[in-house]
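As stored in start_15.pdb (PDB, C-alpha atoms):
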```pdb
MODEL        1
ATOM      1  CA  MET A   1      48.109  37.146  57.441
ATOM      2  CA  GLU A   2      50.961  34.668  57.526
ATOM      3  CA  ASN A   3      48.695  32.343  55.565
ATOM      4  CA  LEU A   4      48.554  34.793  52.636
ATOM      5  CA  ARG A   5      52.326  35.286  52.741
ATOM      6  CA  GLN A   6      52.788  31.526  52.666
ATOM      7  CA  LYS A   7      50.353  31.275  49.727
ATOM      8  CA  ILE A   8      52.492  33.726  47.765
ATOM      9  CA  ALA A   9      55.662  31.738  48.533
ATOM     10  CA  ASP A  10      53.928  28.516  47.491
ATOM     11  CA  LEU A  11      52.631  30.113  44.287
ATOM     12  CA  ARG A  12      56.176  31.065  43.275
ATOM     13  CA  LYS A  13      57.099  27.372  43.294
ATOM     14  CA  ILE A  14      53.859  25.938  41.887
ATOM     15  CA  LEU A  15      53.664  28.482  39.049
ATOM     16  CA  GLU A  16      57.404  28.033  38.386
ATOM     17  CA  ILE A  17      57.918  31.802  38.292
ATOM     18  CA  ASP A  18      61.722  31.608  38.306
ATOM     19  CA  GLN A  19      61.718  29.096  35.441
ATOM     20  CA  LYS A  20      59.306  31.284  33.490
ATOM     21  CA  LYS A  21      61.607  34.258  33.910
ATOM     22  CA  GLU A  22      64.388  32.147  32.394
ATOM     23  CA  GLY A  23      62.005  31.235  29.567
ATOM     24  CA  ILE A  24      61.332  34.926  28.888
ATOM     25  CA  LEU A  25      65.072  35.573  28.590
ATOM     26  CA  ALA A  26      65.523  32.545  26.305
ATOM     27  CA  ILE A  27      62.743  33.600  23.923
ATOM     28  CA  GLY A  28      64.067  37.165  23.919
ATOM     29  CA  LYS A  29      67.462  35.816  22.852
ATOM     30  CA  GLU A  30      65.822  33.756  20.068
ATOM     31  CA  MET A  31      63.943  36.801  18.786
ATOM     32  CA  ARG A  32      67.184  38.743  18.387
ATOM     33  CA  GLU A  33      68.459  36.159  15.904
ATOM     34  CA  PRO A  34      68.041  37.317  12.244
ATOM     35  CA  ALA A  35      66.608  33.933  11.168
ATOM     36  CA  PHE A  36      63.885  34.009  13.828
ATOM     37  CA  TRP A  37      61.405  35.946  11.687
ATOM     38  CA  LEU A  38      61.862  33.852   8.521
ATOM     39  CA  ASN A  39      59.145  31.452   9.684
ATOM     40  CA  GLU A  40      56.280  33.855  10.367
ATOM     41  CA  LYS A  41      53.915  31.229  11.818
ATOM     42  CA  GLU A  42      56.454  29.897  14.334
ATOM     43  CA  ALA A  43      57.559  33.434  15.179
ATOM     44  CA  ASN A  44      53.981  34.468  15.944
ATOM     45  CA  LEU A  45      53.503  31.441  18.204
ATOM     46  CA  LYS A  46      56.700  32.263  20.099
ATOM     47  CA  ASN A  47      55.609  35.866  20.406
ATOM     48  CA  LYS A  48      52.271  34.727  21.862
ATOM     49  CA  GLU A  49      54.083  32.418  24.296
ATOM     50  CA  LEU A  50      56.315  35.300  25.382
ATOM     51  CA  LYS A  51      53.315  37.554  26.021
ATOM     52  CA  ASN A  52      51.583  34.885  28.133
ATOM     53  CA  LEU A  53      54.735  34.305  30.198
ATOM     54  CA  LYS A  54      55.248  38.032  30.762
ATOM     55  CA  ASP A  55      51.605  38.520  31.793
ATOM     56  CA  GLU A  56      51.747  35.706  34.346
ATOM     57  CA  VAL A  57      55.127  36.727  35.782
ATOM     58  CA  SER A  58      54.176  40.412  36.005
ATOM     59  CA  LYS A  59      50.963  39.565  37.897
ATOM     60  CA  PHE A  60      52.946  37.540  40.421
ATOM     61  CA  ASP A  61      55.741  40.122  40.750
ATOM     62  CA  GLU A  62      53.258  42.937  41.338
ATOM     63  CA  ILE A  63      51.553  41.035  44.160
ATOM     64  CA  ASN A  64      54.847  39.811  45.626
ATOM     65  CA  GLU A  65      56.448  43.265  45.671
ATOM     66  CA  ILE A  66      53.472  44.804  47.484
ATOM     67  CA  ALA A  67      53.279  41.881  49.937
ATOM     68  CA  GLU A  68      56.931  42.292  50.923
ATOM     69  CA  ILE A  69      56.333  45.779  52.325
ATOM     70  CA  ALA A  70      52.622  45.583  53.173
ATOM     71  CA  ASN A  71      51.201  45.530  56.686
ATOM     72  CA  ASP A  72      48.424  43.116  57.597
ATOM     73  CA  THR A  73      45.601  45.432  56.469
ATOM     74  CA  GLU A  74      47.254  46.142  53.121
ATOM     75  CA  LEU A  75      47.977  42.463  52.595
ATOM     76  CA  GLU A  76      44.336  41.558  53.237
ATOM     77  CA  SER A  77      43.343  43.921  50.417
ATOM     78  CA  LEU A  78      45.374  41.669  48.070
ATOM     79  CA  ARG A  79      43.440  38.534  49.001
ATOM     80  CA  LYS A  80      41.250  38.605  45.877
ATOM     81  CA  GLU A  81      44.248  39.025  43.534
ATOM     82  CA  ILE A  82      46.139  36.215  45.333
ATOM     83  CA  LEU A  83      43.172  33.849  45.031
ATOM     84  CA  GLU A  84      42.816  34.739  41.316
ATOM     85  CA  LEU A  85      46.469  33.837  40.821
ATOM     86  CA  GLU A  86      45.904  30.614  42.763
ATOM     87  CA  LYS A  87      43.247  29.564  40.219
ATOM     88  CA  ILE A  88      45.962  29.268  37.586
ATOM     89  CA  THR A  89      47.436  26.336  39.533
ATOM     90  CA  LEU A  90      44.293  24.335  38.641
ATOM     91  CA  PHE A  91      44.928  24.794  34.934
ATOM     92  CA  ASN A  92      47.448  21.984  34.617
ATOM     93  CA  GLY A  93      45.886  20.052  31.742
ATOM     94  CA  LYS A  94      47.846  19.490  28.557
ATOM     95  CA  TYR A  95      45.955  22.173  26.623
ATOM     96  CA  ASP A  96      44.693  24.465  29.414
ATOM     97  CA  ARG A  97      46.934  27.357  28.346
ATOM     98  CA  HIS A  98      45.598  27.236  24.782
ATOM     99  CA  ASN A  99      42.984  29.341  23.059
ATOM    100  CA  ALA A 100      39.532  27.756  22.899
ATOM    101  CA  ILE A 101      37.248  26.837  20.008
ATOM    102  CA  LEU A 102      33.545  26.759  20.885
ATOM    103  CA  ASN A 103      31.088  24.781  18.769
ATOM    104  CA  PHE A 104      27.394  25.609  19.090
ATOM    105  CA  PHE A 105      24.543  23.361  17.912
ATOM    106  CA  ALA A 106      20.811  24.064  18.181
ATOM    107  CA  GLY A 107      18.978  21.106  19.722
ATOM    108  CA  ALA A 108      15.332  20.328  20.348
ATOM    109  CA  GLY A 109      13.014  23.325  20.322
ATOM    110  CA  GLY A 110      12.788  24.473  16.696
ATOM    111  CA  VAL A 111      13.171  28.213  16.132
ATOM    112  CA  ASP A 112      13.379  28.804  19.881
ATOM    113  CA  ALA A 113      16.404  26.497  20.088
ATOM    114  CA  GLN A 114      18.103  28.341  17.224
ATOM    115  CA  ASP A 115      17.455  31.673  18.920
ATOM    116  CA  TRP A 116      18.742  30.200  22.213
ATOM    117  CA  THR A 117      21.932  29.068  20.465
ATOM    118  CA  GLU A 118      22.583  32.637  19.333
ATOM    119  CA  VAL A 119      21.868  33.969  22.850
ATOM    120  CA  LEU A 120      24.502  31.569  24.215
ATOM    121  CA  MET A 121      26.990  32.766  21.617
ATOM    122  CA  ARG A 122      26.472  36.365  22.758
ATOM    123  CA  MET A 123      26.835  35.286  26.403
ATOM    124  CA  TYR A 124      30.282  33.796  25.791
ATOM    125  CA  MET A 125      31.343  36.748  23.636
ATOM    126  CA  ARG A 126      30.435  39.153  26.445
ATOM    127  CA  TRP A 127      32.183  36.967  29.030
ATOM    128  CA  ALA A 128      35.310  36.974  26.870
ATOM    129  CA  GLU A 129      35.206  40.758  26.534
ATOM    130  CA  GLN A 130      34.877  41.150  30.316
ATOM    131  CA  ASN A 131      37.929  38.889  30.773
ATOM    132  CA  ASN A 132      40.093  40.707  28.197
ATOM    133  CA  LEU A 133      39.829  37.841  25.712
ATOM    134  CA  SER A 134      39.005  38.282  22.033
ATOM    135  CA  THR A 135      36.515  36.295  19.942
ATOM    136  CA  THR A 136      36.213  35.479  16.247
ATOM    137  CA  ILE A 137      33.306  33.753  14.481
ATOM    138  CA  ILE A 138      34.879  31.065  12.286
ATOM    139  CA  ASP A 139      31.685  29.644  10.807
ATOM    140  CA  GLN A 140      27.970  30.242  11.318
ATOM    141  CA  SER A 141      24.848  28.685   9.833
ATOM    142  CA  LYS A 142      21.924  31.037  10.428
ATOM    143  CA  GLY A 143      18.399  29.792  11.044
ATOM    144  CA  THR A 144      15.781  30.269   8.334
ATOM    145  CA  GLU A 145      13.478  32.306  10.568
ATOM    146  CA  ALA A 146      15.771  33.438  13.383
ATOM    147  CA  GLY A 147      18.818  32.510  15.410
ATOM    148  CA  THR A 148      21.645  30.125  14.557
ATOM    149  CA  LYS A 149      21.589  26.428  13.660
ATOM    150  CA  SER A 150      25.299  25.920  14.312
ATOM    151  CA  ALA A 151      28.426  28.016  14.724
ATOM    152  CA  VAL A 152      32.121  27.845  15.518
ATOM    153  CA  MET A 153      33.746  30.590  17.581
ATOM    154  CA  GLU A 154      37.392  31.119  18.508
ATOM    155  CA  VAL A 155      38.246  32.574  21.941
ATOM    156  CA  ASN A 156      41.786  33.942  22.115
ATOM    157  CA  GLY A 157      43.726  34.612  25.287
ATOM    158  CA  SER A 158      45.754  33.028  28.064
ATOM    159  CA  TYR A 159      44.072  29.978  29.642
ATOM    160  CA  ALA A 160      40.944  30.425  27.502
ATOM    161  CA  TYR A 161      40.523  26.648  27.142
ATOM    162  CA  GLY A 162      41.289  25.978  30.800
ATOM    163  CA  LYS A 163      38.603  28.437  31.876
ATOM    164  CA  LEU A 164      35.952  27.325  29.389
ATOM    165  CA  SER A 165      36.574  23.584  29.054
ATOM    166  CA  ARG A 166      33.932  22.687  31.663
ATOM    167  CA  GLU A 167      31.264  24.677  29.806
ATOM    168  CA  SER A 168      30.921  21.747  27.395
ATOM    169  CA  GLY A 169      27.490  20.177  27.496
ATOM    170  CA  VAL A 170      23.800  20.760  26.915
ATOM    171  CA  HIS A 171      22.347  24.094  28.062
ATOM    172  CA  ARG A 172      18.575  24.180  28.705
ATOM    173  CA  LEU A 173      16.359  27.257  28.443
ATOM    174  CA  VAL A 174      12.810  27.643  29.795
ATOM    175  CA  ARG A 175      10.951  30.837  28.827
ATOM    176  CA  GLN A 176       7.834  32.306  27.246
ATOM    177  CA  SER A 177       8.455  31.872  23.547
ATOM    178  CA  PRO A 178       8.786  35.126  21.544
ATOM    179  CA  PHE A 179       7.989  33.055  18.429
ATOM    180  CA  ASN A 180       4.603  31.859  19.661
ATOM    181  CA  ALA A 181       1.525  34.067  19.245
ATOM    182  CA  LYS A 182       0.208  32.936  22.627
ATOM    183  CA  ALA A 183       3.602  33.352  24.335
ATOM    184  CA  LEU A 184       3.451  29.784  25.644
ATOM    185  CA  ARG A 185       6.210  28.408  27.841
ATOM    186  CA  GLN A 186       8.866  26.702  25.724
ATOM    187  CA  THR A 187      11.826  24.509  26.648
ATOM    188  CA  SER A 188      14.783  24.676  24.276
ATOM    189  CA  PHE A 189      18.186  23.006  24.150
ATOM    190  CA  ALA A 190      21.574  23.928  22.709
ATOM    191  CA  LEU A 191      24.844  22.045  22.794
ATOM    192  CA  VAL A 192      28.142  23.803  23.522
ATOM    193  CA  GLN A 193      31.328  21.888  22.759
ATOM    194  CA  VAL A 194      34.628  23.428  23.896
ATOM    195  CA  LEU A 195      37.865  22.395  22.162
ATOM    196  CA  PRO A 196      41.491  23.375  22.760
ATOM    197  CA  GLU A 197      42.882  25.276  19.785
ATOM    198  CA  ILE A 198      45.760  23.323  18.211
ATOM    199  CA  GLU A 199      47.855  25.655  16.080
ATOM    200  CA  THR A 200      50.850  23.477  15.191
ATOM    201  CA  ASP A 201      51.064  20.191  13.312
ATOM    202  CA  SER A 202      53.583  18.908  15.857
ATOM    203  CA  GLU A 203      50.931  18.740  18.607
ATOM    204  CA  VAL A 204      48.474  16.655  16.587
ATOM    205  CA  THR A 205      50.020  14.978  13.554
ATOM    206  CA  ILE A 206      47.542  14.092  10.790
ATOM    207  CA  ASP A 207      48.376  11.874   7.821
ATOM    208  CA  GLN A 208      47.311  13.752   4.688
ATOM    209  CA  LYS A 209      46.147  10.437   3.169
ATOM    210  CA  ASP A 210      43.448  10.330   5.858
ATOM    211  CA  LEU A 211      41.914  13.611   4.692
ATOM    212  CA  ARG A 212      39.238  14.395   2.120
ATOM    213  CA  ILE A 213      39.106  18.084   1.215
ATOM    214  CA  ASP A 214      36.095  19.521  -0.615
ATOM    215  CA  VAL A 215      35.693  23.099  -1.825
ATOM    216  CA  TYR A 216      32.411  24.797  -2.683
ATOM    217  CA  ARG A 217      30.813  28.200  -3.005
ATOM    218  CA  ALA A 218      30.481  29.953   0.327
ATOM    219  CA  GLY A 219      27.133  31.202   1.532
ATOM    220  CA  GLY A 220      28.243  33.274   4.498
ATOM    221  CA  HIS A 221      29.301  36.878   4.968
ATOM    222  CA  GLY A 222      32.794  38.136   4.269
ATOM    223  CA  GLY A 223      32.568  40.241   1.147
ATOM    224  CA  GLN A 224      31.269  39.944  -2.389
ATOM    225  CA  SER A 225      33.992  37.549  -3.578
ATOM    226  CA  VAL A 226      33.110  35.019  -0.868
ATOM    227  CA  ASN A 227      29.817  34.269  -2.579
ATOM    228  CA  THR A 228      31.141  34.154  -6.143
ATOM    229  CA  THR A 229      34.134  31.818  -5.792
ATOM    230  CA  ASP A 230      34.679  28.278  -4.473
ATOM    231  CA  SER A 231      36.287  29.575  -1.288
ATOM    232  CA  ALA A 232      34.499  27.458   1.339
ATOM    233  CA  VAL A 233      36.391  24.378   2.525
ATOM    234  CA  ARG A 234      35.165  21.156   4.115
ATOM    235  CA  VAL A 235      37.844  18.849   5.576
ATOM    236  CA  THR A 236      36.890  15.291   6.549
ATOM    237  CA  HIS A 237      39.112  13.029   8.641
ATOM    238  CA  ILE A 238      38.199   9.683   7.054
ATOM    239  CA  PRO A 239      39.183   7.277   9.916
ATOM    240  CA  THR A 240      36.992   9.058  12.484
ATOM    241  CA  GLY A 241      34.448  10.803  10.274
ATOM    242  CA  ILE A 242      35.151  14.170  11.951
ATOM    243  CA  VAL A 243      34.296  17.122   9.688
ATOM    244  CA  ALA A 244      35.521  20.720   9.929
ATOM    245  CA  ILE A 245      34.107  23.506   7.757
ATOM    246  CA  CYS A 246      35.139  27.110   7.276
ATOM    247  CA  GLN A 247      33.631  29.599   4.824
ATOM    248  CA  ASN A 248      33.928  32.985   6.517
ATOM    249  CA  GLU A 249      37.391  33.922   5.232
ATOM    250  CA  ARG A 250      37.906  35.549   1.851
ATOM    251  CA  SER A 251      40.295  32.995   0.356
ATOM    252  CA  GLN A 252      40.209  29.233  -0.005
ATOM    253  CA  LEU A 253      43.687  29.007   1.581
ATOM    254  CA  GLN A 254      42.591  30.943   4.684
ATOM    255  CA  ASN A 255      39.475  28.786   5.024
ATOM    256  CA  LYS A 256      41.534  25.606   4.655
ATOM    257  CA  GLU A 257      44.005  26.718   7.360
ATOM    258  CA  MET A 258      41.161  27.545   9.749
ATOM    259  CA  ALA A 259      39.310  24.288   8.985
ATOM    260  CA  MET A 260      42.518  22.335   9.672
ATOM    261  CA  LYS A 261      42.928  24.173  12.982
ATOM    262  CA  VAL A 262      39.385  23.158  13.989
ATOM    263  CA  LEU A 263      39.982  19.570  12.822
ATOM    264  CA  ARG A 264      43.194  19.273  14.862
ATOM    265  CA  SER A 265      41.329  20.622  17.887
ATOM    266  CA  ARG A 266      38.493  18.104  17.533
ATOM    267  CA  LEU A 267      40.959  15.260  17.162
ATOM    268  CA  ALA A 268      42.885  16.481  20.224
ATOM    269  CA  LEU A 269      39.687  16.438  22.305
ATOM    270  CA  LEU A 270      38.809  12.969  21.034
ATOM    271  CA  MET A 271      42.290  11.745  21.968
ATOM    272  CA  ILE A 272      41.805  13.122  25.490
ATOM    273  CA  GLU A 273      38.382  11.485  25.835
ATOM    274  CA  GLN A 274      39.596   8.112  24.546
ATOM    275  CA  HIS A 275      42.965   8.275  26.343
ATOM    276  CA  LYS A 276      44.891   7.877  23.106
ATOM    277  CA  GLU A 277      48.398   9.160  22.393
ATOM    278  CA  LYS A 278      48.229   9.236  18.585
ATOM    279  CA  VAL A 279      45.618  10.124  15.978
ATOM    280  CA  GLU A 280      46.302   6.769  14.290
ATOM    281  CA  GLU A 281      44.879   5.005  17.344
ATOM    282  CA  LEU A 282      41.446   6.597  16.878
ATOM    283  CA  LYS A 283      39.028   4.259  15.131
ATOM    284  CA  GLY A 284      35.373   4.291  14.187
ATOM    285  CA  ASN A 285      32.968   7.131  13.545
ATOM    286  CA  PHE A 286      33.053  10.191  15.765
ATOM    287  CA  SER A 287      29.674  10.721  17.421
ATOM    288  CA  SER A 288      28.465  14.036  18.794
ATOM    289  CA  PRO A 289      27.481  14.220  22.458
ATOM    290  CA  GLU A 290      23.889  13.277  23.207
ATOM    291  CA  TRP A 291      21.276  15.951  23.847
ATOM    292  CA  GLY A 292      20.247  14.623  27.239
ATOM    293  CA  ASN A 293      21.806  15.276  30.629
ATOM    294  CA  GLN A 294      21.923  19.057  30.515
ATOM    295  CA  ILE A 295      24.691  20.632  32.580
ATOM    296  CA  ARG A 296      22.843  23.878  33.261
ATOM    297  CA  SER A 297      19.289  25.207  33.185
ATOM    298  CA  TYR A 298      18.331  28.817  32.523
ATOM    299  CA  VAL A 299      14.758  29.445  33.682
ATOM    300  CA  LEU A 300      13.202  32.796  32.722
ATOM    301  CA  HIS A 301       9.556  31.819  33.326
ATOM    302  CA  PRO A 302       7.574  31.264  35.570
ATOM    303  CA  TYR A 303      10.468  32.228  37.907
ATOM    304  CA  LYS A 304      14.039  33.391  37.313
ATOM    305  CA  LEU A 305      16.921  31.036  38.075
ATOM    306  CA  VAL A 306      20.088  29.700  36.495
ATOM    307  CA  LYS A 307      21.293  26.443  38.041
ATOM    308  CA  ASP A 308      24.309  24.276  37.274
ATOM    309  CA  HIS A 309      23.347  20.648  37.807
ATOM    310  CA  ARG A 310      26.935  19.491  38.462
ATOM    311  CA  THR A 311      27.920  21.938  41.191
ATOM    312  CA  GLU A 312      24.460  23.135  42.358
ATOM    313  CA  HIS A 313      25.715  26.719  41.902
ATOM    314  CA  GLU A 314      22.804  29.100  41.290
ATOM    315  CA  SER A 315      22.057  32.651  40.221
ATOM    316  CA  LYS A 316      18.692  34.340  40.560
ATOM    317  CA  ASN A 317      19.635  36.954  37.974
ATOM    318  CA  PRO A 318      19.538  35.275  34.529
ATOM    319  CA  ASP A 319      19.838  38.646  32.784
ATOM    320  CA  GLU A 320      23.293  39.200  34.291
ATOM    321  CA  VAL A 321      24.336  35.622  33.479
ATOM    322  CA  LEU A 322      23.230  35.964  29.855
ATOM    323  CA  ALA A 323      25.149  39.258  29.720
ATOM    324  CA  GLY A 324      28.364  37.303  30.383
ATOM    325  CA  ASP A 325      28.463  37.030  34.184
ATOM    326  CA  ILE A 326      29.347  33.309  34.319
ATOM    327  CA  ASP A 327      32.495  33.511  36.459
ATOM    328  CA  GLY A 328      30.569  32.196  39.468
ATOM    329  CA  PHE A 329      29.720  29.003  37.567
ATOM    330  CA  ILE A 330      33.296  28.604  36.283
ATOM    331  CA  ASP A 331      34.709  29.157  39.793
ATOM    332  CA  ALA A 332      32.280  26.601  41.271
ATOM    333  CA  GLU A 333      33.547  24.015  38.779
ATOM    334  CA  LEU A 334      37.156  24.831  39.671
ATOM    335  CA  ARG A 335      36.412  24.500  43.411
ATOM    336  CA  GLN A 336      34.789  21.117  42.771
ATOM    337  CA  ILE A 337      37.836  19.925  40.842
ATOM    338  CA  LYS A 338      40.137  21.178  43.611
ATOM    339  CA  SER A 339      38.115  19.350  46.281
ATOM    340  CA  LYS A 340      38.442  16.067  44.367
ATOM    341  CA  LYS A 341      42.227  16.298  44.206
TER
ENDMDL
END
```

Rewrite the structure of this file - the entire thing - as structure tokens.
Amino acid sequence: MENLRQKIADLRKILEIDQKKEGILAIGKEMREPAFWLNEKEANLKNKELKNLKDEVSKFDEINEIAEIANDTELESLRKEILELEKITLFNGKYDRHNAILNFFAGAGGVDAQDWTEVLMRMYMRWAEQNNLSTTIIDQSKGTEAGTKSAVMEVNGSYAYGKLSRESGVHRLVRQSPFNAKALRQTSFALVQVLPEIETDSEVTIDQKDLRIDVYRAGGHGGQSVNTTDSAVRVTHIPTGIVAICQNERSQLQNKEMAMKVLRSRLALLMIEQHKEKVEELKGNFSSPEWGNQIRSYVLHPYKLVKDHRTEHESKNPDEVLAGDIDGFIDAELRQIKSKK
């Protein structure tokens, strides 16, 4: 049991609990200043930061307080909570604390691939709900017959990007096609791209001269006015060719703000991938990831199996996985990262 007590002591240092408590006091002092609420956007970001700090500190304090008076049997019952807290130490990337933006693209497989893309969207929405995270559909292009051609979804909550970042890649489905009269076996592909949400201009600075902004009539849902006014916005970053579109909000201003958020996130990911410090250093056209080299296969026929090809983690219950039970796959990725360090 001494090992668990030592883990808790180590976590206090690694998670910088004492420093975070000081941060909570500092933000609280800021919020009591009359001028704090004049800038609503900055105030909301600070408020979100405060909530995340309080959540993390309270989780640690709760475990620590029980551990101080617990006997060996009681301490063992805390093992799961201690190990969950330990996972946070692996989220040390620049944007791991951020919200996540998920991009979905139907690949090879026709209507089946579009239906598969929508199934994946529901899987991540259910996972988010089970982990007390919220989701918002930013943009969605529905298939002509069924499913979704492409979509952008926001996942809000502490460490959302850190938890989901390794879900990026091609997801492969094998099943009896519901769109084929003979119910033949069909293989379909969908691409999931996970981006860190960048909310402030200070994190990723974009020169306005590098942007082309187009407005057009929206075709999505969102109310009658969405389809009768030029509210949809397409923002193109000219040096890289990256495009961000939003048409689900009611006003052109709201759509522009959301499109800029997605654009900043895509540029941030590109900077990470190319090891660049500034947007100005990014050159050439941005190319989407290739469809090959799937990271995970979901087989529903002739047998049932979900297998991650990077970690070899498996589940023989695809129905549970597609209902949002993907923590086993996320944990396997985290263990692999830990073993490499």

Original post:
Please, what distance in Å, to one decimal, runs between CA of His98 (chain A) and CA of Leu269 (chain A)?
Top reply: 12.6 Å

Original post:
Could you name the residues that touch Gly157 (chain A) at 9 Å or less, counting only C-alpha atoms, but leaving out those on the same chain fewer than 3 positions away, as a list in words?
Top reply: Asn52, Arg97, His98, Asn99, Ala100, Ala128, Asn132, Leu133, Ser134, Ala160 and Tyr161 of chain A

Subject >> Among listed residues A:Gly93, A:Gly147, A:Gly28, A:Gly169, nearest Gly109 (chain A) (using all atoms listed in the file) >> reply: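 Looking at the shortest contact to Gly109 (chain A), the residue is A:Gly147.
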
Quick one: axis-aligned box around all listed atoms of region 51-66 of chain A, 6 Å on every side, centre and edge lengths in Å to one decimal, written as lines of an AutoDock Vina configuration file.
```
center_x = 53.7
center_y = 39.6
center_z = 36.8
size_x = 17.5
size_y = 22.5
size_z = 33.5
```

Subject >> Selection result for the PyMOL selection byres ((chain A and resi 319) around 12) on this file, as a list in words >> reply: Val119, Met123, Tyr298, Val299, Leu300, Lys304, Leu305, Val306, Ser315, Lys316, Asn317, Pro318, Glu320, Val321, Leu322, Ala323, Gly324, Asp325 and Ile326 of chain A

**OP:** Could you tell me which residues the PyMOL selection byres ((chain A and resi 5-22) around 9) grabs in this file, written as JSON, numbers by chain?
**Re:** {"A": [1, 2, 3, 4, 23, 24, 25, 26, 27, 53, 54, 56, 57, 60, 61, 63, 64, 67, 68, 75, 82, 83, 85, 86, 88, 89]}

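Counting all atoms listed in the file, the residue from A:Leu50, A:Met260, A:Ala332, A:Val174 that sits nearest to Pro302 (chain A) is A:Val174.
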
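Relative to CA of Leu173 (chain A), CA of Trp116 (chain A) is found at 7.3 Å.
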
**OP:** Report as an MDAnalysis selection string the residues that result from applying the PyMOL selection byres ((chain A and resi 178) around 12) to the structure here.
**Re:** chainID A and resid 111:113 115:116 146 174:177 179:186

**OP:** Name the closest residue to Trp127 (chain A) among the candidates A:Ala70, A:Lys209, A:Leu334, A:Gly328; distances are taken between atoms, counting all atoms listed in the file.
**Re:**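 Closest to Trp127 (chain A), using all atoms listed in the file: A:Gly328.
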
Original post:
What is the distance between CA of His275 (chain A) and CA of Val243 (chain A), in Å to one decimal?
Top reply: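 Atom-to-atom, CA of His275 (chain A) to CA of Val243 (chain A), that is 20.8 Å.
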
Subject >> Which of A:Asp139, A:Glu74, A:Glu333, A:Glu81 sits closest to Asn103 (chain A) [using only C-alpha atoms] >> reply: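 The shortest atom-to-atom distance to Asn103 (chain A) comes from A:Asp139.
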
Subject >> Selection: 12 Å around Ile138 (chain A), only C-alpha atoms, excl. self and same-chain fewer than 4 positions, as a ChimeraX atom specification >> reply: /A:101-104,150-155,220-222,232-233,244-250,254-262

Original post:
When distances are computed from only C-alpha atoms, which of A:Gln208, A:Thr117, A:Ser202, A:Ser168 shows the smallest separation from Val235 (chain A)?
Top reply: A:Gln208

Original post:
So which one's closest to Glu49 (chain A), A:Thr73, A:Ser158, A:Thr136, A:Gln114? Using only C-alpha atoms, please.
Top reply: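 Of all the options, A:Ser158 lies closest to Glu49 (chain A).
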